[in-house]
>>> print(open('target_21.tsv').read())   # TSV, C-alpha atoms
chain	number	residue	atom	x	y	z
A	729	MET	CA	98.12	34.55	113.20
A	730	ALA	CA	100.45	31.56	113.65
A	731	ASP	CA	103.75	31.40	111.76
A	732	SER	CA	102.52	28.14	110.23
A	733	VAL	CA	100.39	30.16	107.80
A	734	GLN	CA	101.76	33.13	105.89
A	735	TYR	CA	99.28	35.86	104.92
A	736	GLY	CA	99.79	39.01	102.92
A	737	VAL	CA	97.91	41.34	100.58
A	738	ASP	CA	99.47	43.10	97.62
A	739	GLY	CA	97.62	44.95	94.89
A	740	GLY	CA	94.27	43.32	95.61
A	741	LEU	CA	95.73	39.80	95.81
A	742	ALA	CA	95.83	37.96	99.13
A	743	THR	CA	98.37	35.14	99.36
A	744	VAL	CA	97.75	32.44	101.95
A	745	ALA	CA	100.57	29.92	102.27
A	746	PHE	CA	100.89	26.82	104.41
A	747	ASN	CA	104.21	27.25	106.22
A	748	ARG	CA	105.18	24.07	108.06
A	749	PRO	CA	107.60	22.72	105.45
A	750	GLU	CA	109.37	20.54	108.00
A	751	ALA	CA	106.05	18.71	108.54
A	752	MET	CA	104.96	18.69	104.86
A	753	ASN	CA	102.50	21.44	105.88
A	754	ALA	CA	100.46	19.03	108.00
A	755	LEU	CA	97.49	20.60	109.72
A	756	ASP	CA	97.95	20.91	113.45
A	757	THR	CA	95.51	22.96	115.49
A	758	ALA	CA	97.50	26.19	115.28
A	759	THR	CA	97.73	25.88	111.49
A	760	LYS	CA	94.03	25.16	111.12
A	761	ASP	CA	93.13	28.12	113.32
A	762	ALA	CA	95.40	30.42	111.33
A	763	LEU	CA	94.22	29.11	107.96
A	764	ARG	CA	90.56	29.54	108.86
A	765	ASP	CA	91.16	33.07	110.16
A	766	ALA	CA	93.26	34.09	107.14
A	767	LEU	CA	90.69	32.88	104.62
A	768	GLN	CA	87.81	34.50	106.46
A	769	GLU	CA	89.78	37.75	106.67
A	770	ALA	CA	90.51	37.63	102.94
A	771	GLY	CA	86.87	36.93	102.15
A	772	ALA	CA	85.66	39.87	104.21
A	773	ASP	CA	88.31	42.39	103.16
A	774	PRO	CA	86.98	44.65	100.36
A	775	ALA	CA	90.56	45.39	99.33
A	776	VAL	CA	91.10	41.72	98.44
A	777	ARG	CA	89.91	40.82	94.94
A	778	ALA	CA	91.43	37.34	94.59
A	779	VAL	CA	93.21	34.78	96.77
A	780	LEU	CA	96.18	32.54	96.06
A	781	LEU	CA	96.41	29.45	98.29
A	782	THR	CA	99.72	27.60	98.15
A	783	GLY	CA	102.38	25.86	100.22
A	784	THR	CA	106.00	26.38	101.17
A	785	GLY	CA	108.60	23.65	100.78
A	786	LYS	CA	107.99	20.37	98.95
A	787	ALA	CA	104.33	19.87	99.86
A	788	PHE	CA	101.10	21.78	99.34
A	789	CYS	CA	99.45	20.22	102.41
A	790	VAL	CA	99.36	16.57	103.51
A	791	GLY	CA	96.20	17.01	105.59
A	792	GLN	CA	95.65	16.36	109.25
A	793	ASP	CA	98.71	16.19	111.51
A	794	LEU	CA	98.25	12.58	112.60
A	795	LYS	CA	100.76	12.85	115.45
A	796	GLU	CA	98.64	15.53	117.07
A	797	HIS	CA	95.48	13.62	116.19
A	798	VAL	CA	96.69	10.46	117.94
A	799	ALA	CA	97.42	12.50	121.05
A	800	VAL	CA	93.91	13.99	120.95
A	801	LEU	CA	92.35	10.53	120.65
A	802	ALA	CA	94.52	9.20	123.47
A	803	ALA	CA	93.29	12.03	125.68
A	804	GLY	CA	89.68	11.07	124.97
A	805	GLY	CA	89.00	13.81	122.40
A	806	GLY	CA	86.70	13.45	119.42
A	807	MET	CA	86.44	14.70	115.85
A	808	THR	CA	85.52	18.29	116.71
A	809	THR	CA	88.01	19.67	114.20
A	810	VAL	CA	85.65	19.00	111.28
A	811	ALA	CA	83.06	21.44	112.61
A	812	GLU	CA	85.60	23.81	114.12
A	813	HIS	CA	88.08	23.95	111.25
A	814	TYR	CA	87.50	21.95	108.08
A	815	ASN	CA	83.93	23.01	107.44
A	816	PRO	CA	84.54	26.75	107.85
A	817	ILE	CA	87.77	26.56	105.84
A	818	ALA	CA	86.13	24.76	102.92
A	819	THR	CA	83.16	27.12	103.12
A	820	ALA	CA	85.39	30.19	103.08
A	821	ILE	CA	87.24	28.97	99.98
A	822	ALA	CA	84.18	27.90	98.03
A	823	THR	CA	81.81	30.72	98.89
A	824	MET	CA	83.88	33.88	99.30
A	825	PRO	CA	82.74	36.46	96.70
A	826	LYS	CA	86.09	36.47	94.93
A	827	PRO	CA	88.07	33.82	93.04
A	828	VAL	CA	90.51	31.49	94.80
A	829	VAL	CA	93.47	29.96	92.96
A	830	ALA	CA	95.25	26.92	94.39
A	831	GLY	CA	98.91	26.77	93.45
A	832	VAL	CA	99.63	23.12	94.21
A	833	ASN	CA	103.39	22.91	94.59
A	834	GLY	CA	103.63	19.32	95.84
A	835	VAL	CA	101.69	16.62	97.65
A	836	ALA	CA	98.05	17.46	98.43
A	837	ALA	CA	96.49	14.78	100.63
A	838	GLY	CA	93.32	14.43	102.68
A	839	ALA	CA	92.08	17.84	103.74
A	840	GLY	CA	94.93	19.43	101.80
A	841	ALA	CA	93.51	17.98	98.60
A	842	GLY	CA	90.01	18.93	99.74
A	843	PHE	CA	90.98	22.56	100.13
A	844	ALA	CA	92.58	22.57	96.66
A	845	PHE	CA	89.42	21.04	95.17
A	846	ALA	CA	87.31	23.75	96.82
A	847	ALA	CA	89.26	26.46	94.98
A	848	ASP	CA	87.97	27.93	91.74
A	849	TYR	CA	91.13	27.29	89.71
A	850	ARG	CA	94.02	24.88	90.26
A	851	VAL	CA	97.53	25.17	88.85
A	852	ALA	CA	99.78	22.22	89.72
A	853	ALA	CA	103.50	21.59	89.49
A	854	ASP	CA	104.39	18.58	87.36
A	855	THR	CA	105.77	17.01	90.54
A	856	ALA	CA	102.50	17.46	92.47
A	857	SER	CA	100.14	14.66	93.41
A	858	PHE	CA	96.72	14.28	95.00
A	859	THR	CA	95.31	11.58	97.26
A	860	THR	CA	92.06	11.43	99.17
A	861	ALA	CA	93.78	9.49	101.99
A	862	PHE	CA	90.72	9.26	104.28
A	863	ALA	CA	89.83	5.59	103.89
A	864	GLY	CA	93.45	4.66	104.48
A	865	VAL	CA	93.15	5.86	108.07
A	866	GLY	CA	89.60	4.61	108.56
A	867	LEU	CA	87.78	7.88	107.97
A	868	SER	CA	85.09	9.13	105.62
A	869	ALA	CA	85.55	12.33	103.63
A	870	ASP	CA	85.80	15.84	105.05
A	871	SER	CA	86.95	19.29	103.89
A	872	GLY	CA	84.06	19.39	101.41
A	873	MET	CA	85.44	16.56	99.28
A	874	SER	CA	82.15	14.65	99.15
A	875	TRP	CA	80.70	17.70	97.36
A	876	THR	CA	83.63	18.96	95.28
A	877	LEU	CA	85.22	15.74	94.05
A	878	GLN	CA	82.17	14.31	92.30
A	879	ARG	CA	81.55	17.65	90.62
A	880	LEU	CA	85.08	17.58	89.22
A	881	VAL	CA	85.30	13.96	88.06
A	882	GLY	CA	81.79	12.48	88.34
A	883	TYR	CA	80.20	10.25	90.97
A	884	GLY	CA	81.76	6.98	89.86
A	885	ARG	CA	85.35	8.21	89.69
A	886	ALA	CA	84.92	10.15	92.94
A	887	ALA	CA	83.74	6.97	94.68
A	888	GLU	CA	86.75	5.09	93.28
A	889	LEU	CA	89.24	7.72	94.47
A	890	LEU	CA	87.68	7.80	97.94
A	891	LEU	CA	87.29	4.03	98.35
A	892	PHE	CA	90.74	3.21	96.95
A	893	PRO	CA	92.97	6.15	97.88
A	894	ARG	CA	96.16	6.39	95.83
A	895	PRO	CA	98.48	9.12	94.59
A	896	VAL	CA	97.15	10.78	91.44
A	897	ARG	CA	100.12	12.36	89.72
A	898	ALA	CA	99.86	15.76	88.06
A	899	ALA	CA	99.51	14.48	84.49
A	900	GLU	CA	96.64	12.16	85.44
A	901	ALA	CA	95.06	14.88	87.58
A	902	LEU	CA	94.96	17.10	84.50
A	903	GLU	CA	93.42	14.32	82.42
A	904	LEU	CA	90.77	13.63	85.07
A	905	GLY	CA	89.88	17.30	85.49
A	906	LEU	CA	91.22	17.67	89.02
A	907	VAL	CA	93.44	20.57	87.90
A	908	HIS	CA	93.23	23.14	85.12
A	909	ARG	CA	96.91	23.50	84.31
A	910	VAL	CA	100.19	21.67	84.94
A	911	VAL	CA	103.53	23.46	84.67
A	912	PRO	CA	107.14	22.55	85.45
A	913	ALA	CA	107.80	22.73	89.18
A	914	ALA	CA	110.27	25.59	88.77
A	915	GLU	CA	107.55	27.66	87.08
A	916	LEU	CA	104.68	26.91	89.48
A	917	ALA	CA	105.08	29.91	91.78
A	918	ALA	CA	105.25	32.40	88.92
A	919	GLU	CA	102.41	30.78	86.96
A	920	ALA	CA	100.04	30.54	89.92
A	921	LEU	CA	100.83	34.13	90.85
A	922	ALA	CA	100.17	35.31	87.30
A	923	VAL	CA	96.79	33.58	87.18
A	924	ALA	CA	95.79	34.93	90.58
A	925	ARG	CA	97.02	38.42	89.68
A	926	GLN	CA	94.95	38.38	86.47
A	927	LEU	CA	91.84	37.52	88.49
A	928	ALA	CA	92.66	40.20	91.08
A	929	GLU	CA	92.60	42.76	88.26
A	930	GLY	CA	89.28	41.53	86.87
A	931	PRO	CA	85.58	42.33	87.45
A	932	THR	CA	85.21	41.17	91.05
A	933	VAL	CA	81.43	41.63	91.25
A	934	ALA	CA	80.99	39.52	88.11
A	935	TYR	CA	83.31	36.82	89.48
A	936	ALA	CA	81.27	36.68	92.68
A	937	GLY	CA	78.13	36.21	90.60
A	938	ILE	CA	79.74	33.46	88.53
A	939	LYS	CA	80.76	31.54	91.68
A	940	GLU	CA	77.31	31.92	93.17
A	941	ALA	CA	75.54	30.96	89.95
A	942	LEU	CA	77.62	27.79	89.55
A	943	ALA	CA	77.05	26.72	93.14
A	944	TYR	CA	73.32	27.42	92.88
A	945	GLY	CA	72.94	25.75	89.51
A	946	SER	CA	74.64	22.56	90.69
A	947	GLY	CA	71.78	21.91	93.08
A	948	HIS	CA	68.76	23.40	91.29
A	949	GLY	CA	66.81	22.90	88.09
A	950	LEU	CA	66.86	25.04	84.95
A	951	VAL	CA	63.93	27.31	85.80
A	952	GLU	CA	65.24	28.09	89.28
A	953	SER	CA	68.74	28.62	87.93
A	954	LEU	CA	67.48	31.02	85.27
A	955	THR	CA	65.68	33.01	87.94
A	956	ARG	CA	68.89	33.15	89.99
A	957	GLU	CA	70.87	34.22	86.94
A	958	ASP	CA	68.49	37.15	86.52
A	959	VAL	CA	69.15	38.29	90.09
A	960	LEU	CA	72.91	37.94	89.75
A	961	GLN	CA	73.07	39.55	86.32
A	962	THR	CA	71.07	42.50	87.60
A	963	ARG	CA	73.60	42.90	90.39
A	964	SER	CA	76.66	42.73	88.15
A	965	GLY	CA	74.94	44.88	85.55
A	966	ALA	CA	74.69	47.67	88.12
A	967	SER	CA	78.42	47.53	88.90
A	968	ALA	CA	80.85	50.28	88.02
A	969	ASP	CA	83.02	47.69	86.29
A	970	HIS	CA	80.25	46.75	83.87
A	971	ARG	CA	79.64	50.37	82.94
A	972	ALA	CA	83.37	50.97	82.53
A	973	ALA	CA	83.74	47.86	80.35
A	974	VAL	CA	80.90	48.89	78.06
A	975	ASP	CA	82.34	52.37	77.70
A	976	ALA	CA	85.76	50.91	76.95
A	977	PHE	CA	84.25	48.58	74.33
A	978	LEU	CA	82.61	51.51	72.54
A	979	ARG	CA	85.94	53.34	72.57
A	980	LYS	CA	87.70	50.17	71.38
A	981	GLU	CA	89.89	50.22	74.49
A	982	THR	CA	90.84	47.53	76.99
A	983	PRO	CA	88.71	47.93	80.15
A	984	VAL	CA	90.33	48.63	83.48
A	985	PHE	CA	88.39	47.01	86.32
A	986	GLU	CA	88.34	48.38	89.85
A	987	GLY	CA	86.46	45.53	91.47
A	988	ARG	CA	83.24	47.41	92.24
>>> encode(input="target_21.tsv", output="structure tokens")
Amino acid sequence: MADSVQYGVDGGLATVAFNRPEAMNALDTATKDALRDALQEAGADPAVRAVLLTGTGKAFCVGQDLKEHVAVLAAGGGMTTVAEHYNPIATAIATMPKPVVAGVNGVAAGAGAGFAFAADYRVAADTASFTTAFAGVGLSADSGMSWTLQRLVGYGRAAELLLFPRPVRAAEALELGLVHRVVPAAELAAEALAVARQLAEGPTVAYAGIKEALAYGSGHGLVESLTREDVLQTRSGASADHRAAVDAFLRKETPVFEGR
């Protein structure tokens, strides 16, 4: 895995960190390869129960490395990175059967913002900002933003943010529903870690069902969604964590979840 992405697992929590601070964590090919591989590894690893996605330095991720992109275009290359990188990265974040927390420590632009929006929970520093960026360089949306953004803020506001890209500061992002929590920049790392750690200690099978139910329900009607809920509830109801939680409730104790 490239040095431009840090990856580690501790106590059921995988931390994936963009690590090109000198380039505002811009996404060159090596970084995109490493990010895709790290997220897919975390999703497939049964020892991982939650993921924290964050950045090093002053930025979360400013999106595509345009210097590299210009060189690719000059050499006659096309937009293969969407299929090769952005689609599998967004898919890994949104569909892995465990919660993903984005700890947005600074600027999140273009695909960087898209990856944050694909996460299940977003904690932002008060110095962070978000911008869609795509139209500013003559591109339509990628990194799943056409799907995630309108589900966060509604179709009309999503269209506005994509058609007229601008920095959305942390306070406005909270008001719009782009993030769940804003904390002072000095507290971001600890707060995001605490949220992710709490999820890593929770009922992983149930969390997987919640993610799947939300994704399914967003594209299906009530009757179909109820049928899907039945399937998912049956699965989580058979988990060891559910049985342990019920037993703990009867004993008036706090349940300890093992993620199975």
>>> closest_atom_pairs(input="target_21.tsv", of="range 925-956 of chain A", to="range 869-885 of chain A", cutoff="12 Å", atoms="all atoms listed in the file", output="CSV")
residue,atom,partner,partner_atom,distance
A:Leu942,CA,A:Arg879,CA,10.9
A:Ala943,CA,A:Thr876,CA,10.4
A:Gly945,CA,A:Arg879,CA,11.9
A:Ser946,CA,A:Arg879,CA,8.5
A:Gly947,CA,A:Trp875,CA,10.8
>>> residues_around(input="target_21.tsv", residues="Asn753 in chain A", least_positions_apart="5", cutoff="6 Å", atoms="all atoms listed in the file", output="list in words")
Phe746, Arg748 and Cys789 of chain A
>>> residues_near_point(input="target_21.tsv", point="(98.0, 12.2, 89.1)", cutoff="9 Å", atoms="only C-alpha atoms", output="MDAnalysis selection string")
chainID A and resid 856:859 895:904 906
>>> residues_around(input="target_21.tsv", residues="Tyr935 in chain A", least_positions_apart="6", cutoff="12 Å", atoms="only C-alpha atoms", output="PyMOL selection string")
chain A and resi 777-778+823-828+848+927-929+941-942+960-961+963-964+967+969-970+985+987-988
>>> closest_residue(input="target_21.tsv", among="A:Asn833, A:Thr819, A:Thr808, A:Thr955", to="Ala745 in chain A", atoms="all atoms listed in the file")
A:Asn833
>>> residues_near_point(input="target_21.tsv", point="(97.1, 26.0, 110.9)", cutoff="9 Å", atoms="all atoms listed in the file", output="NGL selection string")
:A and (729-733 or 746-748 or 753-764)
>>> residues_around(input="target_21.tsv", residues="range 772-775 of chain A", least_positions_apart="3", cutoff="9 Å", atoms="all atoms listed in the file", output="ChimeraX atom specification")
/A:737,739-741,767-769,824-825,987
>>> closest_atom_pairs(input="target_21.tsv", of="range 855-962 of chain A", to="range 971-981 of chain A", cutoff="12 Å", atoms="all atoms listed in the file", output="CSV")
residue,atom,partner,partner_atom,distance
A:Gly930,CA,A:Ala973,CA,10.6
A:Pro931,CA,A:Ala973,CA,9.2
A:Ala934,CA,A:Ala973,CA,11.7
>>> write_last_selection(input="target_21.tsv", atoms="C-alpha atoms", output="PDB file, in the frame of the given file")
ATOM      1  CA  GLY A 930      89.280  41.530  86.870  1.00  0.00           C
ATOM      2  CA  PRO A 931      85.580  42.330  87.450  1.00  0.00           C
ATOM      3  CA  ALA A 934      80.990  39.520  88.110  1.00  0.00           C
TER       4      ALA A 934
END
>>> axis_aligned_box(input="target_21.tsv", around="range 911-926 of chain A", padding_each_side="8 Å", output="lines of an AutoDock Vina configuration file")
center_x = 102.6
center_y = 30.5
center_z = 88.2
size_x = 31.3
size_y = 31.9
size_z = 23.1
>>> closest_residue(input="target_21.tsv", among="A:Phe892, A:Val911, A:Val835, A:Leu921", to="Leu781 in chain A", atoms="only C-alpha atoms")
A:Leu921
>>> atom_distance(input="target_21.tsv", atom1="CA of Phe845 in chain A", atom2="CA of Ala886 in chain A")
12.0 Å
>>> closest_residue(input="target_21.tsv", among="A:Val779, A:Ala770, A:Ile938, A:Ala787", to="Ala751 in chain A", atoms="all atoms listed in the file")
A:Ala787
>>> closest_residue(input="target_21.tsv", among="A:Ala920, A:Ala968, A:Val984, A:Ala822", to="Glu940 in chain A", atoms="only C-alpha atoms")
A:Ala822
>>> closest_residue(input="target_21.tsv", among="A:Thr962, A:Ala830, A:Phe788, A:Ala811", to="Val923 in chain A", atoms="all atoms listed in the file")
A:Ala830
>>> residues_around(input="target_21.tsv", residues="Val907 in chain A", least_positions_apart="2", cutoff="7 Å", atoms="only C-alpha atoms", output="list in words")
Arg850, Val851, Ala852, Ala901, Leu902, Gly905 and Arg909 of chain A
>>> atom_distance(input="target_21.tsv", atom1="CA of Glu986 in chain A", atom2="CA of Glu915 in chain A")
28.4 Å
>>> closest_residue(input="target_21.tsv", among="A:Thr932, A:Ser953, A:Thr860, A:Thr855", to="Ala914 in chain A", atoms="all atoms listed in the file")
A:Thr855
>>> atom_distance(input="target_21.tsv", atom1="CA of Gly785 in chain A", atom2="CA of Pro749 in chain A")
4.9 Å
